[in-house]
$ cat final19.cif   # mmCIF, C-alpha atoms
data_protein
loop_
_atom_site.group_PDB
_atom_site.id
_atom_site.type_symbol
_atom_site.label_atom_id
_atom_site.label_comp_id
_atom_site.auth_asym_id
_atom_site.auth_seq_id
_atom_site.Cartn_x
_atom_site.Cartn_y
_atom_site.Cartn_z
ATOM 1 C CA MET A 1 37.789 64.942 9.243
ATOM 2 C CA LEU A 2 37.743 61.392 10.628
ATOM 3 C CA PRO A 3 35.985 59.048 8.226
ATOM 4 C CA TYR A 4 36.432 55.966 10.407
ATOM 5 C CA PRO A 5 36.492 56.959 14.083
ATOM 6 C CA LEU A 6 36.469 53.374 15.331
ATOM 7 C CA LEU A 7 39.412 52.461 13.129
ATOM 8 C CA THR A 8 41.352 55.518 14.261
ATOM 9 C CA ILE A 9 40.783 54.686 17.921
ATOM 10 C CA SER A 10 41.738 51.026 17.458
ATOM 11 C CA LEU A 11 44.902 51.919 15.576
ATOM 12 C CA THR A 12 45.946 54.387 18.261
ATOM 13 C CA LEU A 13 45.277 51.778 20.943
ATOM 14 C CA MET A 14 47.288 49.211 19.003
ATOM 15 C CA TRP A 15 50.182 51.637 18.683
ATOM 16 C CA LEU A 16 50.122 52.290 22.427
ATOM 17 C CA LEU A 17 49.936 48.589 23.259
ATOM 18 C CA LEU A 18 52.944 47.862 21.094
ATOM 19 C CA ASN A 19 55.091 50.813 22.118
ATOM 20 C CA GLY A 20 54.088 51.561 25.691
ATOM 21 C CA PHE A 21 51.902 54.322 27.113
ATOM 22 C CA THR A 22 53.808 57.611 26.883
ATOM 23 C CA LEU A 23 52.667 61.029 25.753
ATOM 24 C CA GLY A 24 55.057 60.962 22.795
ATOM 25 C CA HIS A 25 53.712 57.656 21.556
ATOM 26 C CA LEU A 26 50.136 58.813 22.055
ATOM 27 C CA ILE A 27 50.726 61.779 19.731
ATOM 28 C CA LEU A 28 52.715 59.754 17.191
ATOM 29 C CA GLY A 29 50.178 56.901 17.247
ATOM 30 C CA ALA A 30 47.246 59.265 16.825
ATOM 31 C CA LEU A 31 48.958 60.906 13.849
ATOM 32 C CA VAL A 32 49.627 57.549 12.187
ATOM 33 C CA ALA A 33 46.042 56.431 12.902
ATOM 34 C CA VAL A 34 44.519 59.571 11.388
ATOM 35 C CA PHE A 35 46.554 59.254 8.205
ATOM 36 C CA ALA A 36 45.817 55.531 8.001
ATOM 37 C CA SER A 37 42.078 56.147 8.290
ATOM 38 C CA TRP A 38 42.285 58.724 5.487
ATOM 39 C CA ALA A 39 44.076 56.155 3.359
ATOM 40 C CA MET A 40 41.315 53.681 4.217
ATOM 41 C CA ALA A 41 38.648 56.185 3.197
ATOM 42 C CA SER A 42 40.238 56.628 -0.210
ATOM 43 C CA LEU A 43 40.311 52.862 -0.693
ATOM 44 C CA ARG A 44 36.768 51.868 0.119
ATOM 45 C CA PRO A 45 33.972 54.378 0.254
ATOM 46 C CA ASP A 46 31.120 52.153 1.483
ATOM 47 C CA LYS A 47 30.908 52.447 5.212
ATOM 48 C CA PRO A 48 29.809 49.600 7.468
ATOM 49 C CA LYS A 49 26.631 50.586 9.268
ATOM 50 C CA LEU A 50 26.842 49.763 12.944
ATOM 51 C CA ARG A 51 23.328 50.268 14.251
ATOM 52 C CA LYS A 52 23.428 48.752 17.714
ATOM 53 C CA TRP A 53 27.058 48.529 18.620
ATOM 54 C CA HIS A 54 26.232 47.914 22.280
ATOM 55 C CA LEU A 55 25.206 44.384 21.256
ATOM 56 C CA LEU A 56 28.746 43.608 20.066
ATOM 57 C CA PRO A 57 30.005 42.532 23.538
ATOM 58 C CA LYS A 58 27.004 40.191 23.805
ATOM 59 C CA LEU A 59 27.903 38.587 20.486
ATOM 60 C CA PHE A 60 31.534 38.397 21.590
ATOM 61 C CA PHE A 61 30.728 36.494 24.777
ATOM 62 C CA ILE A 62 28.252 34.159 23.080
ATOM 63 C CA VAL A 63 30.910 33.292 20.502
ATOM 64 C CA LEU A 64 33.630 32.899 23.132
ATOM 65 C CA PHE A 65 31.435 30.464 25.048
ATOM 66 C CA ASP A 66 30.504 28.521 21.907
ATOM 67 C CA ILE A 67 34.144 28.257 20.893
ATOM 68 C CA ILE A 68 35.089 26.808 24.283
ATOM 69 C CA ARG A 69 32.256 24.281 24.026
ATOM 70 C CA SER A 70 33.099 23.187 20.496
ATOM 71 C CA ASN A 71 36.825 23.072 21.320
ATOM 72 C CA ILE A 72 36.051 20.469 23.963
ATOM 73 C CA ALA A 73 33.676 18.590 21.659
ATOM 74 C CA VAL A 74 36.115 18.425 18.741
ATOM 75 C CA ALA A 75 39.127 17.590 20.934
ATOM 76 C CA TRP A 76 37.130 14.733 22.453
ATOM 77 C CA LEU A 77 36.047 13.559 19.015
ATOM 78 C CA ILE A 78 39.639 13.467 17.729
ATOM 79 C CA LEU A 79 40.986 11.692 20.819
ATOM 80 C CA ARG A 80 38.244 9.074 20.926
ATOM 81 C CA GLY A 81 39.025 7.953 17.417
ATOM 82 C CA ARG A 82 36.747 7.018 14.604
ATOM 83 C CA SER A 83 34.441 4.467 16.195
ATOM 84 C CA LYS A 84 31.367 6.417 17.246
ATOM 85 C CA ASN A 85 32.163 9.694 15.535
ATOM 86 C CA GLY A 86 29.409 11.876 14.279
ATOM 87 C CA ARG A 87 28.929 11.686 10.546
ATOM 88 C CA PRO A 88 30.776 14.552 8.835
ATOM 89 C CA GLY A 89 28.984 16.194 5.969
ATOM 90 C CA PHE A 90 27.992 19.285 4.005
ATOM 91 C CA LEU A 91 25.209 21.676 4.905
ATOM 92 C CA THR A 92 23.572 24.359 2.812
ATOM 93 C CA ILE A 93 22.174 27.163 4.908
ATOM 94 C CA PRO A 94 20.010 29.978 3.581
ATOM 95 C CA LEU A 95 20.897 33.400 4.970
ATOM 96 C CA GLU A 96 18.975 36.642 5.189
ATOM 97 C CA ILE A 97 21.840 39.004 5.929
ATOM 98 C CA GLU A 98 23.352 40.773 2.947
ATOM 99 C CA ASP A 99 25.552 43.337 4.611
ATOM 100 C CA ARG A 100 29.149 42.574 3.701
ATOM 101 C CA THR A 101 30.554 43.386 7.106
ATOM 102 C CA ALA A 102 27.971 41.186 8.808
ATOM 103 C CA LEU A 103 28.801 38.337 6.446
ATOM 104 C CA ALA A 104 32.504 38.787 7.194
ATOM 105 C CA VAL A 105 31.843 38.658 10.926
ATOM 106 C CA LEU A 106 29.737 35.522 10.511
ATOM 107 C CA ALA A 107 32.525 33.939 8.448
ATOM 108 C CA VAL A 108 35.073 34.671 11.165
ATOM 109 C CA VAL A 109 32.746 33.246 13.825
ATOM 110 C CA LEU A 110 32.018 30.039 11.934
ATOM 111 C CA THR A 111 35.630 29.514 10.938
ATOM 112 C CA SER A 112 37.055 30.002 14.394
ATOM 113 C CA THR A 113 34.533 27.594 15.882
ATOM 114 C CA PRO A 114 36.063 24.132 15.592
ATOM 115 C CA GLY A 115 33.704 21.630 14.027
ATOM 116 C CA SER A 116 32.120 24.013 11.564
ATOM 117 C CA ALA A 117 33.745 25.356 8.438
ATOM 118 C CA TRP A 118 32.468 27.987 6.045
ATOM 119 C CA LEU A 119 33.277 26.794 2.540
ATOM 120 C CA GLU A 120 31.616 29.282 0.218
ATOM 121 C CA TYR A 121 28.928 31.918 -0.023
ATOM 122 C CA ASP A 122 26.604 32.072 -2.975
ATOM 123 C CA SER A 123 25.427 35.655 -3.388
ATOM 124 C CA TYR A 124 22.868 34.609 -6.029
ATOM 125 C CA ASP A 125 21.081 32.118 -3.813
ATOM 126 C CA ARG A 126 22.144 33.825 -0.607
ATOM 127 C CA THR A 127 23.191 30.513 0.862
ATOM 128 C CA ILE A 128 26.376 29.347 2.484
ATOM 129 C CA LEU A 129 27.903 25.951 2.006
ATOM 130 C CA MET A 130 29.313 24.616 5.236
ATOM 131 C CA HIS A 131 31.163 21.516 6.257
ATOM 132 C CA VAL A 132 30.540 20.218 9.760
ATOM 133 C CA LEU A 133 32.157 17.398 11.669
ATOM 134 C CA ASP A 134 28.850 16.113 13.022
ATOM 135 C CA VAL A 135 25.922 16.457 10.663
ATOM 136 C CA ALA A 136 23.640 14.172 12.696
ATOM 137 C CA ASP A 137 21.495 17.034 13.901
ATOM 138 C CA GLU A 138 21.095 19.177 10.823
ATOM 139 C CA ALA A 139 18.178 21.162 12.237
ATOM 140 C CA ALA A 140 20.203 22.108 15.308
ATOM 141 C CA TRP A 141 23.007 23.525 13.165
ATOM 142 C CA ILE A 142 20.627 25.617 11.114
ATOM 143 C CA ASP A 143 18.845 26.742 14.257
ATOM 144 C CA THR A 144 22.118 27.781 15.932
ATOM 145 C CA ILE A 145 23.307 29.813 12.994
ATOM 146 C CA LYS A 146 19.982 31.424 12.174
ATOM 147 C CA ASN A 147 18.767 32.186 15.689
ATOM 148 C CA ARG A 148 21.946 32.522 17.702
ATOM 149 C CA TYR A 149 24.183 34.439 15.307
ATOM 150 C CA GLU A 150 22.207 35.746 12.370
ATOM 151 C CA LYS A 151 19.472 37.441 14.407
ATOM 152 C CA LEU A 152 22.029 39.253 16.532
ATOM 153 C CA LEU A 153 24.091 40.229 13.492
ATOM 154 C CA MET A 154 21.017 41.593 11.751
ATOM 155 C CA GLU A 155 20.269 43.715 14.782
ATOM 156 C CA ILE A 156 23.825 45.012 14.985
ATOM 157 C CA PHE A 157 24.240 45.724 11.269
ATOM 158 C CA ALA A 158 20.642 46.736 10.584
ATOM 159 C CA MET B 1 62.306 44.871 35.389
ATOM 160 C CA ILE B 2 61.333 41.236 35.004
ATOM 161 C CA GLN B 3 61.663 38.889 37.961
ATOM 162 C CA PRO B 4 63.047 35.401 37.419
ATOM 163 C CA ALA B 5 60.342 32.804 36.803
ATOM 164 C CA ALA B 6 60.970 31.096 40.161
ATOM 165 C CA ASP B 7 60.037 34.258 42.073
ATOM 166 C CA ILE B 8 56.447 34.757 40.936
ATOM 167 C CA PRO B 9 53.681 33.920 43.446
ATOM 168 C CA LEU B 10 52.471 30.329 43.546
ATOM 169 C CA ILE B 11 48.881 31.132 42.625
ATOM 170 C CA ALA B 12 50.008 33.023 39.492
ATOM 171 C CA ALA B 13 52.369 30.189 38.593
ATOM 172 C CA ILE B 14 49.518 27.694 38.817
ATOM 173 C CA ALA B 15 47.310 29.845 36.587
ATOM 174 C CA VAL B 16 50.127 30.310 34.052
ATOM 175 C CA ALA B 17 50.861 26.585 34.002
ATOM 176 C CA PHE B 18 47.170 25.728 33.640
ATOM 177 C CA PHE B 19 46.600 27.981 30.631
ATOM 178 C CA LEU B 20 49.885 26.933 29.011
ATOM 179 C CA VAL B 21 49.021 23.251 29.324
ATOM 180 C CA VAL B 22 45.444 23.739 28.079
ATOM 181 C CA GLY B 23 46.576 25.841 25.123
ATOM 182 C CA SER B 24 49.398 23.580 24.045
ATOM 183 C CA ALA B 25 47.300 20.439 24.603
ATOM 184 C CA LEU B 26 44.639 21.818 22.260
ATOM 185 C CA ALA B 27 47.275 22.639 19.642
ATOM 186 C CA LEU B 28 48.667 19.102 20.005
ATOM 187 C CA ILE B 29 45.218 17.529 19.675
ATOM 188 C CA GLY B 30 44.651 19.655 16.590
ATOM 189 C CA ALA B 31 47.883 18.316 15.108
ATOM 190 C CA ILE B 32 46.891 14.737 15.966
ATOM 191 C CA GLY B 33 43.533 15.299 14.303
ATOM 192 C CA PHE B 34 45.347 16.622 11.273
ATOM 193 C CA VAL B 35 47.063 13.252 10.944
ATOM 194 C CA ARG B 36 44.175 11.007 11.915
ATOM 195 C CA LEU B 37 41.106 12.408 10.210
ATOM 196 C CA PRO B 38 40.421 10.643 6.910
ATOM 197 C CA THR B 39 39.231 13.285 4.411
ATOM 198 C CA PHE B 40 40.439 16.743 3.464
ATOM 199 C CA TYR B 41 37.275 18.497 4.599
ATOM 200 C CA GLU B 42 37.435 16.822 7.999
ATOM 201 C CA ARG B 43 41.114 17.681 8.359
ATOM 202 C CA LEU B 44 40.222 21.338 7.806
ATOM 203 C CA HIS B 45 38.578 21.359 11.229
ATOM 204 C CA ALA B 46 41.578 20.133 13.207
ATOM 205 C CA PRO B 47 43.867 23.207 13.067
ATOM 206 C CA THR B 48 41.038 25.484 14.241
ATOM 207 C CA LEU B 49 41.621 24.011 17.694
ATOM 208 C CA GLY B 50 45.076 25.548 17.615
ATOM 209 C CA THR B 51 43.924 28.865 16.191
ATOM 210 C CA SER B 52 41.072 29.364 18.674
ATOM 211 C CA TRP B 53 41.697 28.261 22.246
ATOM 212 C CA GLY B 54 45.114 26.816 21.484
ATOM 213 C CA ILE B 55 46.465 30.279 20.886
ATOM 214 C CA GLY B 56 44.001 31.695 23.433
ATOM 215 C CA GLY B 57 45.432 29.603 26.271
ATOM 216 C CA VAL B 58 49.046 30.442 25.477
ATOM 217 C CA MET B 59 48.071 34.105 25.100
ATOM 218 C CA VAL B 60 46.375 34.252 28.520
ATOM 219 C CA ALA B 61 49.315 32.441 30.135
ATOM 220 C CA SER B 62 51.752 34.914 28.607
ATOM 221 C CA MET B 63 49.674 37.894 29.739
ATOM 222 C CA ILE B 64 49.451 36.626 33.322
ATOM 223 C CA TYR B 65 53.136 35.732 33.523
ATOM 224 C CA PHE B 66 54.528 38.990 32.177
ATOM 225 C CA SER B 67 51.994 41.108 34.061
ATOM 226 C CA VAL B 68 52.973 39.452 37.348
ATOM 227 C CA ALA B 69 56.705 39.219 36.664
ATOM 228 C CA SER B 70 57.127 42.833 35.575
ATOM 229 C CA SER B 71 54.389 44.175 37.928
ATOM 230 C CA ARG B 72 52.579 46.137 35.225
ATOM 231 C CA LEU B 73 49.744 45.284 32.875
ATOM 232 C CA VAL B 74 51.062 43.508 29.773
ATOM 233 C CA ILE B 75 48.237 42.831 27.333
ATOM 234 C CA HIS B 76 49.660 43.361 23.866
ATOM 235 C CA GLU B 77 49.334 39.584 23.313
ATOM 236 C CA ILE B 78 45.669 40.290 22.615
ATOM 237 C CA LEU B 79 46.781 41.779 19.298
ATOM 238 C CA ILE B 80 48.241 38.412 18.269
ATOM 239 C CA GLY B 81 44.940 36.751 19.080
ATOM 240 C CA ILE B 82 42.959 39.335 17.114
ATOM 241 C CA PHE B 83 45.202 39.086 14.053
ATOM 242 C CA VAL B 84 45.225 35.291 14.050
ATOM 243 C CA THR B 85 41.434 35.165 14.391
ATOM 244 C CA LEU B 86 40.880 37.686 11.622
ATOM 245 C CA THR B 87 43.335 36.207 9.143
ATOM 246 C CA THR B 88 42.678 32.478 9.586
ATOM 247 C CA PRO B 89 39.395 32.497 7.610
ATOM 248 C CA ILE B 90 41.201 33.870 4.548
ATOM 249 C CA THR B 91 43.637 30.980 4.084
ATOM 250 C CA PHE B 92 41.016 28.598 5.348
ATOM 251 C CA MET B 93 38.444 29.512 2.692
ATOM 252 C CA LEU B 94 41.116 29.666 0.015
ATOM 253 C CA LEU B 95 42.078 26.056 0.758
ATOM 254 C CA ALA B 96 38.478 24.905 1.112
ATOM 255 C CA ARG B 97 37.330 26.478 -2.131
ATOM 256 C CA ALA B 98 40.352 25.176 -4.022
ATOM 257 C CA ALA B 99 39.493 21.676 -2.797
ATOM 258 C CA LEU B 100 35.825 22.135 -3.725
ATOM 259 C CA HIS B 101 36.748 23.372 -7.177
ATOM 260 C CA ARG B 102 39.077 20.460 -7.783
ATOM 261 C CA ASP B 103 36.555 17.887 -6.569
ATOM 262 C CA ARG B 104 33.783 19.374 -8.685
ATOM 263 C CA ALA B 105 36.000 19.491 -11.751
ATOM 264 C CA ALA B 106 36.833 15.831 -11.179
ATOM 265 C CA GLY B 107 33.114 15.046 -11.009
ATOM 266 C CA SER B 108 33.332 13.675 -7.509
ATOM 267 C CA HIS B 109 30.005 12.709 -5.961
ATOM 268 C CA ASN B 110 31.213 13.390 -2.455
ATOM 269 C CA VAL B 111 30.849 17.144 -2.736
ATOM 270 C CA PRO B 112 27.660 19.111 -3.337
ATOM 271 C CA ALA B 113 27.197 20.517 -6.819
ATOM 272 C CA LYS B 114 27.688 24.182 -7.579
ATOM 273 C CA ARG B 115 24.167 25.404 -6.949
ATOM 274 C CA ALA B 116 22.193 23.767 -4.207
ATOM 275 C CA SER B 117 18.834 24.735 -5.689
ATOM 276 C CA GLU B 118 19.553 22.994 -8.997
ATOM 277 C CA ALA B 119 20.736 19.694 -7.736
ATOM 278 C CA GLU B 120 19.470 18.171 -4.545
ATOM 279 C CA GLU B 121 22.583 16.111 -4.443
ATOM 280 C CA ARG B 122 23.658 15.358 -0.923
ATOM 281 C CA PRO B 123 26.891 13.639 -0.007
ATOM 282 C CA SER B 124 26.351 9.932 0.393
ATOM 283 C CA ALA B 125 26.671 8.863 3.987
#
$ encode --input "final19.cif" --output "structure tokens"
Amino acid sequence: MLPYPLLTISLTLMWLLLNGFTLGHLILGALVAVFASWAMASLRPDKPKLRKWHLLPKLFFIVLFDIIRSNIAVAWLILRGRSKNGRPGFLTIPLEIEDRTALAVLAVVLTSTPGSAWLEYDSYDRTILMHVLDVADEAAWIDTIKNRYEKLLMEIFA
Amino acid sequence: MIQPAADIPLIAAIAVAFFLVVGSALALIGAIGFVRLPTFYERLHAPTLGTSWGIGGVMVASMIYFSVASSRLVIHEILIGIFVTLTTPITFMLLARAALHRDRAAGSHNVPAKRASEAEERPSA
């Protein structure tokens, strides 16, 4: 009956947030959400496998904290000018995750963190090409992505 | 019923002002970086300041102000944040990969070659 329960719930919530919490809108929003999730099911049959969804908040707060930290770092770097800037450069990072949803989440995380940019993913090599503003500590970048994000993502989308 | 801006409590006004200034300052710094950074790939990083905590700060300020001024919880701004965060990577990667493709086609030595395992070519410092 409901192919994507999480999607249905989020759509209903979104409807309520936009239109206000009334009984009428709850019913209307739920109807729209149910039909939208059926439409979704007919578009893409492969379902993302969320194994340990209780780890999602943990990932969320780790990322939020990292984004604050790198916001400060990049803002400082721009304001200070070019003199002692870190050397910008490209990084190739091998990945173990293959799940498409997990890759998408990782892409969103890396893109929204200032200072690191996901350029492309090579599904043959299973590597990503990144551009970072400070390549001085290459090992630290690889360590952050592999241990901080990838491990958690692999647990969530097992 | 929304109160006039002058009537909200001082502590809320301070919080609103703080988040507004932080958010807009980050967006401004991002714009400055957009002008000052020398290469395309470096310039890609600057607007992410605006799309992460730039929008985050303004979003939090807006939520606090309207929640206090209309004395009910107003949090639909979160949707803006979610949509911006989810859609930024799409344009971002489109631009980045177009630039990569163009640089590779031009035979530039400043970008890594197509497959990392074939060529150990690193950008010159």
$ interface_residues --input "final19.cif" --of "chain B" --to "chain A" --cutoff "6 Å" --atoms "all atoms listed in the file" --output "MDAnalysis selection string"
chainID B and resid 33 45 48:49 52 76 89 93 96
$ residues_around --input "final19.cif" --residues "range 155-157 of chain A" --least-positions-apart "3" --cutoff "10 Å" --atoms "all atoms listed in the file" --output "list in words"
Pro48, Lys49, Leu50, Arg51, Lys52, Trp53, His54, Leu55, Leu56, Leu59, Ile97, Glu98, Asp99, Arg100, Thr101, Ala102, Leu103, Glu150, Lys151 and Leu152 of chain A
$ closest_residue --input "final19.cif" --among "A:Phe65, A:Tyr4, A:Phe60, A:Tyr121" --to "Ser42 in chain A" --atoms "all atoms listed in the file"
A:Tyr4
$ atom_distance --input "final19.cif" --atom1 "CA of Ile82 in chain B" --atom2 "CA of Pro57 in chain A"
14.8 Å
$ atom_distance --input "final19.cif" --atom1 "CA of His101 in chain B" --atom2 "CA of Thr144 in chain A"
27.7 Å
$ residues_around --input "final19.cif" --residues "Ala33 in chain A" --least-positions-apart "2" --cutoff "7 Å" --atoms "all atoms listed in the file" --output "JSON, numbers by chain"
{"A": [8, 11, 12, 29, 30, 31, 35, 36, 37]}
$ atom_distance --input "final19.cif" --atom1 "CA of Ile8 in chain B" --atom2 "CA of Val68 in chain B"
6.9 Å
$ axis_aligned_box --input "final19.cif" --around "range 46-64 of chain A" --padding-each-side "5 Å" --output "AutoDock Vina command-line options"
--center_x 28.5 --center_y 42.7 --center_z 13.1 --size_x 20.3 --size_y 29.5 --size_z 33.3
$ resolve_selection --input "final19.cif" --expression "the PyMOL selection byres ((chain B and resi 9-17) around 12)" --output "ChimeraX atom specification"
/B:3-8,18-25,57-69,71
$ closest_residue --input "final19.cif" --among "B:Leu86, B:Ile29, B:Leu37, B:Ile78" --to "Gly50 in chain B" --atoms "only C-alpha atoms"
B:Ile29
$ build_atoms --input "final19.cif" --residues "range 132-147 of chain A" --atoms "N, CA and C atoms" --output "PDB file, in the frame of the given file"
ATOM      1  N   VAL A 132      30.511  20.393   8.313  1.00  0.00           N
ATOM      2  CA  VAL A 132      30.540  20.218   9.760  1.00  0.00           C
ATOM      3  C   VAL A 132      31.006  18.815  10.095  1.00  0.00           C
ATOM      4  N   LEU A 133      31.608  18.697  11.274  1.00  0.00           N
ATOM      5  CA  LEU A 133      32.157  17.398  11.669  1.00  0.00           C
ATOM      6  C   LEU A 133      31.052  16.443  12.103  1.00  0.00           C
ATOM      7  N   ASP A 134      29.932  16.988  12.577  1.00  0.00           N
ATOM      8  CA  ASP A 134      28.850  16.113  13.022  1.00  0.00           C
ATOM      9  C   ASP A 134      27.542  16.629  12.437  1.00  0.00           C
ATOM     10  N   VAL A 135      27.087  15.956  11.390  1.00  0.00           N
ATOM     11  CA  VAL A 135      25.922  16.457  10.663  1.00  0.00           C
ATOM     12  C   VAL A 135      24.637  15.794  11.172  1.00  0.00           C
ATOM     13  N   ALA A 136      24.769  14.961  12.212  1.00  0.00           N
ATOM     14  CA  ALA A 136      23.640  14.172  12.696  1.00  0.00           C
ATOM     15  C   ALA A 136      22.413  15.037  12.964  1.00  0.00           C
ATOM     16  N   ASP A 137      22.621  16.186  13.571  1.00  0.00           N
ATOM     17  CA  ASP A 137      21.495  17.034  13.901  1.00  0.00           C
ATOM     18  C   ASP A 137      21.496  18.275  13.014  1.00  0.00           C
ATOM     19  N   GLU A 138      21.027  18.096  11.804  1.00  0.00           N
ATOM     20  CA  GLU A 138      21.095  19.177  10.823  1.00  0.00           C
ATOM     21  C   GLU A 138      20.253  20.372  11.259  1.00  0.00           C
ATOM     22  N   ALA A 139      19.079  20.085  11.820  1.00  0.00           N
ATOM     23  CA  ALA A 139      18.178  21.162  12.237  1.00  0.00           C
ATOM     24  C   ALA A 139      18.820  22.015  13.326  1.00  0.00           C
ATOM     25  N   ALA A 140      19.581  21.367  14.220  1.00  0.00           N
ATOM     26  CA  ALA A 140      20.203  22.108  15.308  1.00  0.00           C
ATOM     27  C   ALA A 140      21.254  23.075  14.780  1.00  0.00           C
ATOM     28  N   TRP A 141      22.001  22.647  13.764  1.00  0.00           N
ATOM     29  CA  TRP A 141      23.007  23.525  13.165  1.00  0.00           C
ATOM     30  C   TRP A 141      22.358  24.754  12.555  1.00  0.00           C
ATOM     31  N   ILE A 142      21.298  24.502  11.777  1.00  0.00           N
ATOM     32  CA  ILE A 142      20.627  25.617  11.114  1.00  0.00           C
ATOM     33  C   ILE A 142      20.024  26.548  12.160  1.00  0.00           C
ATOM     34  N   ASP A 143      19.450  25.954  13.197  1.00  0.00           N
ATOM     35  CA  ASP A 143      18.845  26.742  14.257  1.00  0.00           C
ATOM     36  C   ASP A 143      19.900  27.615  14.959  1.00  0.00           C
ATOM     37  N   THR A 144      21.064  27.018  15.264  1.00  0.00           N
ATOM     38  CA  THR A 144      22.118  27.781  15.932  1.00  0.00           C
ATOM     39  C   THR A 144      22.536  28.979  15.100  1.00  0.00           C
ATOM     40  N   ILE A 145      22.796  28.728  13.827  1.00  0.00           N
ATOM     41  CA  ILE A 145      23.307  29.813  12.994  1.00  0.00           C
ATOM     42  C   ILE A 145      22.249  30.876  12.767  1.00  0.00           C
ATOM     43  N   LYS A 146      21.017  30.445  12.497  1.00  0.00           N
ATOM     44  CA  LYS A 146      19.982  31.424  12.174  1.00  0.00           C
ATOM     45  C   LYS A 146      19.527  32.198  13.412  1.00  0.00           C
ATOM     46  N   ASN A 147      19.327  31.486  14.533  1.00  0.00           N
ATOM     47  CA  ASN A 147      18.767  32.186  15.689  1.00  0.00           C
ATOM     48  C   ASN A 147      19.816  32.769  16.610  1.00  0.00           C
TER      49      ASN A 147
END
